[in-house]
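K.L.:
My questions all concern the structure below.
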Amino acid sequence: MGCCQSKGTKTTAWCKELTVLASGTPFTVSEVEALHELFKKLSSAVIGDGFISKEDLQFALFRNNNKKNLFVNRMFDLFDVKCNGVIEFGEFVQSLGVFHPNAPVEEKIYFAFRLYDLRQTGFIEQEELKEMVVALLQESDLELSDDVVQTVVDKTFSDADSKDDGKIDPEEWKEFVSKNPSIIKNMTLPYLKDVSMAFPSFALISELGESEM
């Protein structure tokens, strides 16, 4: 039972916030409420200030807030929509909504594009792609030689950079992903479809690191 059906347990303002978040995401009100319980656990992992800090996210993913990783940094930056250095509850729900099985594929494609657009220039450049591939391999405890990584990058650009200008724009990325859907397969987390039954482990978002280029 969601909070809006419970009497005297939550304020009207809180119920309204849950309803607004649910209306803008694939989640139900009950699922948003369940996500709030998860959010509280994550936000108190290290600092305990009611927000998810980069240290909290780092600890949630690795149980170690000292391990720096480009993948974690990019995920944090994309969840931190307001760019104020913390992830607020609304940002948490809205960002997780992209990973919901019912979220539009276009949203997943765009989120993945932004993940690789490290400099936030509106394009994915070769060096950016290489940096992210290396980071994802490290996050997955995999090691490949620089030559192999470069081969992956070169092949990706050969297939995706249809304008042959040394960078991949959103239109080219969308076309590339449409031909290689496995690239965004981990942009869908099945258990988000019923989070009110069992809290998902935020650490599983690290499965993105297993995406194939």
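Following the order of the structure tokens, first chain is A, next is B, and so on, with residues numbered from 1 inside each chain and ligands from 1 in the order they appear.
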Could you tell me, as a PyMOL selection string, which residues of stretch 55-161 of chain A DSSP assigns to alpha helix (DSSP H) when given the backbone?

P.N.:
chain A and resi 55-62+70-79+89-97+105-116+126-139+146-160

K.L.:
Which residues come within 9 Å of stretch 69-80 of chain A, counting only C-alpha atoms, excluding same-chain residues fewer than 2 positions away, as a PyMOL selection string?

P.N.:
chain A and resi 53-54+57-58+61+67+82-88+91-92+94-96+111+114-116+118+131-132+135-136+138-139+206+209

K.L.:
For atom CA of A:Val153 and atom CA of A:Phe99, determine how far apart the two atoms are, in Å to one decimal place.

P.N.:
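Computing the Euclidean distance for atom CA of A:Val153 and atom CA of A:Phe99 yields 25.2 Å.
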
K.L.:
List as a list in words the protein and nucleic acid residues near A:Ile184, meaning an atom at most 8 Å away when only C-alpha atoms are counted, but skip any in the same chain fewer than 2 places from it.

P.N.:
Lys108, Ile109, Ala112, Val177, Pro181, Ser182, Asn186, Met187, Thr188 and Ser211 of chain A

K.L.:
Pick out the residues sitting within 9 Å of A:Phe51, and hand them over as a list of chain:residue names; count only C-alpha atoms, and ignore anything fewer than 4 positions along from it in its own chain.

P.N.:
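So, after excluding close chain neighbours, the residues are A:Phe39, A:Lys40, A:Leu42, A:Ser43, A:Ser44, A:Ile47, A:Asp56, A:Val86, A:Ile87, A:Glu88, A:Phe89.
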
K.L.:
Keeping only all heavy atoms, write the selected residues to a file as an mmCIF file, in the first residue's frame.

P.N.:
```cif
data_model
loop_
_atom_site.group_PDB
_atom_site.id
_atom_site.type_symbol
_atom_site.label_atom_id
_atom_site.label_comp_id
_atom_site.auth_asym_id
_atom_site.auth_seq_id
_atom_site.Cartn_x
_atom_site.Cartn_y
_atom_site.Cartn_z
ATOM 1 N N PHE A 39 17.008 4.864 -1.358
ATOM 2 C CA PHE A 39 17.746 6.130 -1.393
ATOM 3 C C PHE A 39 18.294 6.473 -0.015
ATOM 4 O O PHE A 39 19.445 6.909 0.121
ATOM 5 C CB PHE A 39 16.821 7.244 -1.887
ATOM 6 C CG PHE A 39 17.474 8.602 -1.933
ATOM 7 C CD1 PHE A 39 18.244 8.981 -3.021
ATOM 8 C CD2 PHE A 39 17.312 9.507 -0.886
ATOM 9 C CE1 PHE A 39 18.851 10.234 -3.064
ATOM 10 C CE2 PHE A 39 17.916 10.751 -0.921
ATOM 11 C CZ PHE A 39 18.687 11.123 -2.013
ATOM 12 N N LYS A 40 17.488 6.277 1.031
ATOM 13 C CA LYS A 40 17.930 6.591 2.393
ATOM 14 C C LYS A 40 19.119 5.734 2.798
ATOM 15 O O LYS A 40 20.047 6.216 3.457
ATOM 16 C CB LYS A 40 16.771 6.404 3.381
ATOM 17 C CG LYS A 40 15.695 7.474 3.278
ATOM 18 C CD LYS A 40 14.721 7.436 4.448
ATOM 19 C CE LYS A 40 13.913 6.157 4.479
ATOM 20 N NZ LYS A 40 12.873 6.170 5.551
ATOM 21 N N LEU A 42 21.354 4.389 0.721
ATOM 22 C CA LEU A 42 22.522 4.801 -0.048
ATOM 23 C C LEU A 42 23.056 6.148 0.410
ATOM 24 O O LEU A 42 24.269 6.353 0.475
ATOM 25 C CB LEU A 42 22.165 4.876 -1.538
ATOM 26 C CG LEU A 42 21.782 3.556 -2.207
ATOM 27 C CD1 LEU A 42 21.382 3.785 -3.651
ATOM 28 C CD2 LEU A 42 22.944 2.572 -2.141
ATOM 29 N N SER A 43 22.149 7.069 0.748
ATOM 30 C CA SER A 43 22.584 8.414 1.138
ATOM 31 C C SER A 43 23.274 8.445 2.493
ATOM 32 O O SER A 43 23.922 9.438 2.836
ATOM 33 C CB SER A 43 21.389 9.374 1.142
ATOM 34 O OG SER A 43 20.435 8.983 2.107
ATOM 35 N N SER A 44 23.142 7.375 3.251
ATOM 36 C CA SER A 44 23.802 7.317 4.562
ATOM 37 C C SER A 44 24.997 6.371 4.554
ATOM 38 O O SER A 44 25.566 6.069 5.602
ATOM 39 C CB SER A 44 22.804 6.868 5.641
ATOM 40 O OG SER A 44 22.299 5.573 5.357
ATOM 41 N N ILE A 47 28.345 9.621 4.193
ATOM 42 C CA ILE A 47 28.204 10.936 4.801
ATOM 43 C C ILE A 47 26.939 11.079 5.638
ATOM 44 O O ILE A 47 26.950 11.655 6.711
ATOM 45 C CB ILE A 47 28.248 12.029 3.699
ATOM 46 C CG1 ILE A 47 29.602 11.979 2.989
ATOM 47 C CG2 ILE A 47 28.004 13.400 4.293
ATOM 48 C CD1 ILE A 47 29.761 12.964 1.859
ATOM 49 N N ASP A 56 29.238 8.304 -1.429
ATOM 50 C CA ASP A 56 28.181 7.317 -1.175
ATOM 51 C C ASP A 56 28.033 6.375 -2.365
ATOM 52 O O ASP A 56 27.915 5.159 -2.207
ATOM 53 C CB ASP A 56 26.837 8.016 -0.932
ATOM 54 C CG ASP A 56 26.778 8.757 0.400
ATOM 55 O OD1 ASP A 56 27.342 8.247 1.381
ATOM 56 O OD2 ASP A 56 26.156 9.834 0.442
ATOM 57 N N VAL A 86 25.591 16.754 -5.464
ATOM 58 C CA VAL A 86 24.906 15.675 -4.754
ATOM 59 C C VAL A 86 23.731 15.189 -5.607
ATOM 60 O O VAL A 86 23.252 15.907 -6.488
ATOM 61 C CB VAL A 86 24.360 16.114 -3.373
ATOM 62 C CG1 VAL A 86 25.498 16.464 -2.424
ATOM 63 C CG2 VAL A 86 23.392 17.282 -3.524
ATOM 64 N N ILE A 87 23.294 13.960 -5.344
ATOM 65 C CA ILE A 87 22.117 13.427 -6.022
ATOM 66 C C ILE A 87 20.941 13.512 -5.066
ATOM 67 O O ILE A 87 20.951 12.899 -3.999
ATOM 68 C CB ILE A 87 22.337 11.958 -6.451
ATOM 69 C CG1 ILE A 87 23.522 11.855 -7.404
ATOM 70 C CG2 ILE A 87 21.067 11.405 -7.125
ATOM 71 C CD1 ILE A 87 23.912 10.420 -7.735
ATOM 72 N N GLU A 88 19.946 14.291 -5.439
ATOM 73 C CA GLU A 88 18.747 14.425 -4.627
ATOM 74 C C GLU A 88 17.772 13.297 -4.972
ATOM 75 O O GLU A 88 17.911 12.633 -6.000
ATOM 76 C CB GLU A 88 18.102 15.785 -4.871
ATOM 77 C CG GLU A 88 19.028 16.953 -4.528
ATOM 78 C CD GLU A 88 18.431 18.305 -4.886
ATOM 79 O OE1 GLU A 88 17.229 18.357 -5.225
ATOM 80 O OE2 GLU A 88 19.171 19.303 -4.838
ATOM 81 N N PHE A 89 16.774 13.103 -4.126
ATOM 82 C CA PHE A 89 15.857 11.986 -4.333
ATOM 83 C C PHE A 89 15.149 12.053 -5.683
ATOM 84 O O PHE A 89 15.051 11.056 -6.395
ATOM 85 C CB PHE A 89 14.821 11.935 -3.204
ATOM 86 C CG PHE A 89 13.812 10.826 -3.374
ATOM 87 C CD1 PHE A 89 14.227 9.505 -3.492
ATOM 88 C CD2 PHE A 89 12.452 11.117 -3.421
ATOM 89 C CE1 PHE A 89 13.304 8.468 -3.661
ATOM 90 C CE2 PHE A 89 11.524 10.091 -3.577
ATOM 91 C CZ PHE A 89 11.951 8.768 -3.704
#
```

K.L.:
Leaving out A:Phe176 and any residue of its chain fewer than 3 positions from it, which residues lie within 8 Å of it when counting only C-alpha atoms, given as a list in words?

P.N.:
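Contacts, in chain order: Asp159, Ala160, Glu172, Trp173, Lys179 and Asn180 of chain A.
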
K.L.:
How would the residues just chosen look if you wrote them out with C-alpha atoms as a PDB file, in the first residue's frame?

P.N.:
```pdb
ATOM      1  CA  ASP A 159      30.966   1.734 -38.163  1.00  0.00           C
ATOM      2  CA  ALA A 160      29.453   4.745 -36.383  1.00  0.00           C
ATOM      3  CA  GLU A 172      25.082   8.833 -35.847  1.00  0.00           C
ATOM      4  CA  TRP A 173      25.012   7.257 -32.376  1.00  0.00           C
ATOM      5  CA  LYS A 179      22.194  -1.681 -35.740  1.00  0.00           C
ATOM      6  CA  ASN A 180      23.973  -2.855 -32.568  1.00  0.00           C
TER       7      ASN A 180
END
```

K.L.:
Tell me which of A:Glu55, A:Glu33, A:Glu128, A:Asp165 sits closest to A:Val20, counting only C-alpha atoms.

P.N.:
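Using only C-alpha atoms, the shortest distance to A:Val20 belongs to A:Glu33.
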
K.L.:
Quick check, in Å to one decimal: how far apart do atom CA of A:Asp164 and atom CA of A:Ser145 lie?

P.N.:
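Straight-line distance from atom CA of A:Asp164 to atom CA of A:Ser145 works out to 26.1 Å.
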
K.L.:
If you run DSSP over the backbone, which residues in stretch 34-175 of chain A end up strand (DSSP E)? Put them as a PyMOL selection string.

P.N.:
chain A and resi 124-125+167-168

K.L.:
Go ahead and write the residues just picked, C-alpha atoms, as an mmCIF file, in the first residue's frame.

P.N.:
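Final file, part11.cif:
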```
data_model
loop_
_atom_site.group_PDB
_atom_site.id
_atom_site.type_symbol
_atom_site.label_atom_id
_atom_site.label_comp_id
_atom_site.auth_asym_id
_atom_site.auth_seq_id
_atom_site.Cartn_x
_atom_site.Cartn_y
_atom_site.Cartn_z
ATOM 1 C CA ILE A 124 31.782 11.404 -28.842
ATOM 2 C CA GLU A 125 35.419 11.660 -29.867
ATOM 3 C CA LYS A 167 33.464 12.296 -34.079
ATOM 4 C CA ILE A 168 30.096 10.688 -33.427
#
```

K.L.:
Contacts of A:Thr151 at 12 Å or less, counting only C-alpha atoms, minus same-chain residues fewer than 3 places along, as a list in words?

P.N.:
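Surrounding residues, per the criterion: Gln126, Leu129, Lys130, Val133, Leu144, Ser145, Asp146, Asp147, Val148, Asp154, Lys155, Thr156, Phe157, Ser158 and Met213 of chain A.
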
K.L.:
Take the residues from that selection and write them out as a compact mmCIF listing (two decimals), in the first residue's frame, keeping all heavy atoms.

P.N.:
```
# COMPACT_ATOMS: atom_id res chain seq x y z
N GLN A 126 37.17 10.08 -30.35
CA GLN A 126 37.89 8.81 -30.20
C GLN A 126 38.55 8.68 -28.83
O GLN A 126 38.49 7.62 -28.21
CB GLN A 126 38.95 8.67 -31.30
CG GLN A 126 38.35 8.40 -32.67
CD GLN A 126 39.33 7.68 -33.60
OE1 GLN A 126 40.19 6.93 -33.16
NE2 GLN A 126 39.19 7.92 -34.89
N LEU A 129 35.98 7.88 -26.16
CA LEU A 129 35.54 6.50 -26.23
C LEU A 129 36.59 5.56 -25.65
O LEU A 129 36.28 4.64 -24.89
CB LEU A 129 35.23 6.11 -27.67
CG LEU A 129 34.76 4.68 -27.90
CD1 LEU A 129 33.47 4.40 -27.14
CD2 LEU A 129 34.56 4.42 -29.40
N LYS A 130 37.84 5.83 -25.98
CA LYS A 130 38.92 4.99 -25.48
C LYS A 130 39.02 5.06 -23.96
O LYS A 130 39.17 4.04 -23.28
CB LYS A 130 40.25 5.40 -26.11
CG LYS A 130 41.41 4.48 -25.73
CD LYS A 130 42.67 4.84 -26.50
CE LYS A 130 43.81 3.88 -26.16
NZ LYS A 130 45.04 4.19 -26.93
N VAL A 133 36.10 3.05 -22.49
CA VAL A 133 36.29 1.61 -22.66
C VAL A 133 37.28 1.08 -21.63
O VAL A 133 37.06 0.05 -20.99
CB VAL A 133 36.79 1.28 -24.09
CG1 VAL A 133 37.24 -0.17 -24.18
CG2 VAL A 133 35.69 1.54 -25.11
N LEU A 144 42.87 -5.54 -21.12
CA LEU A 144 43.19 -5.77 -22.53
C LEU A 144 44.35 -4.86 -22.89
O LEU A 144 44.50 -3.78 -22.32
CB LEU A 144 41.98 -5.45 -23.42
CG LEU A 144 40.74 -6.35 -23.27
CD1 LEU A 144 39.64 -5.85 -24.19
CD2 LEU A 144 41.08 -7.80 -23.60
N SER A 145 45.15 -5.29 -23.84
CA SER A 145 46.29 -4.47 -24.24
C SER A 145 45.79 -3.21 -24.92
O SER A 145 44.66 -3.12 -25.41
CB SER A 145 47.17 -5.26 -25.22
OG SER A 145 46.49 -5.46 -26.45
N ASP A 146 46.66 -2.21 -24.94
CA ASP A 146 46.30 -0.94 -25.56
C ASP A 146 45.96 -1.13 -27.04
O ASP A 146 45.05 -0.46 -27.56
CB ASP A 146 47.45 0.06 -25.42
CG ASP A 146 47.09 1.44 -25.93
OD1 ASP A 146 46.27 2.12 -25.27
OD2 ASP A 146 47.60 1.83 -26.99
N ASP A 147 46.64 -2.05 -27.70
CA ASP A 147 46.38 -2.31 -29.10
C ASP A 147 44.97 -2.86 -29.32
O ASP A 147 44.28 -2.48 -30.27
CB ASP A 147 47.40 -3.32 -29.67
CG ASP A 147 48.79 -2.70 -29.82
OD1 ASP A 147 48.89 -1.46 -29.82
OD2 ASP A 147 49.75 -3.47 -29.96
N VAL A 148 44.54 -3.76 -28.43
CA VAL A 148 43.21 -4.34 -28.55
C VAL A 148 42.14 -3.28 -28.30
O VAL A 148 41.14 -3.20 -29.02
CB VAL A 148 43.03 -5.51 -27.56
CG1 VAL A 148 41.57 -5.99 -27.57
CG2 VAL A 148 43.96 -6.66 -27.92
N ASP A 154 38.70 1.91 -32.98
CA ASP A 154 38.77 2.13 -34.43
C ASP A 154 37.59 1.48 -35.13
O ASP A 154 36.99 2.07 -36.05
CB ASP A 154 40.08 1.57 -34.99
CG ASP A 154 41.29 2.37 -34.54
OD1 ASP A 154 41.11 3.52 -34.09
OD2 ASP A 154 42.41 1.84 -34.64
N LYS A 155 37.24 0.28 -34.70
CA LYS A 155 36.11 -0.44 -35.33
C LYS A 155 34.80 0.30 -35.06
O LYS A 155 33.95 0.43 -35.96
CB LYS A 155 36.03 -1.86 -34.76
CG LYS A 155 34.87 -2.70 -35.31
CD LYS A 155 35.03 -2.95 -36.80
CE LYS A 155 34.09 -4.02 -37.32
NZ LYS A 155 32.67 -3.68 -37.13
N THR A 156 34.65 0.79 -33.85
CA THR A 156 33.44 1.53 -33.49
C THR A 156 33.29 2.77 -34.37
O THR A 156 32.21 3.04 -34.90
CB THR A 156 33.45 1.93 -32.01
OG1 THR A 156 33.51 0.76 -31.20
CG2 THR A 156 32.19 2.71 -31.65
N PHE A 157 34.38 3.51 -34.52
CA PHE A 157 34.32 4.73 -35.33
C PHE A 157 34.13 4.42 -36.81
O PHE A 157 33.45 5.15 -37.53
CB PHE A 157 35.56 5.58 -35.10
CG PHE A 157 35.35 6.64 -34.05
CD1 PHE A 157 35.36 6.31 -32.71
CD2 PHE A 157 35.09 7.95 -34.41
CE1 PHE A 157 35.14 7.26 -31.74
CE2 PHE A 157 34.86 8.92 -33.44
CZ PHE A 157 34.88 8.58 -32.10
N SER A 158 34.72 3.33 -37.24
CA SER A 158 34.54 2.92 -38.63
C SER A 158 33.08 2.66 -38.94
O SER A 158 32.57 3.00 -40.03
CB SER A 158 35.37 1.67 -38.92
OG SER A 158 35.13 1.18 -40.22
N MET A 213 31.09 -3.09 -26.83
CA MET A 213 31.19 -2.03 -27.84
C MET A 213 31.10 -2.69 -29.21
O MET A 213 31.53 -3.80 -29.39
CB MET A 213 32.52 -1.29 -27.69
CG MET A 213 32.55 -0.43 -26.45
SD MET A 213 31.15 0.70 -26.33
CE MET A 213 31.27 1.56 -27.87
```
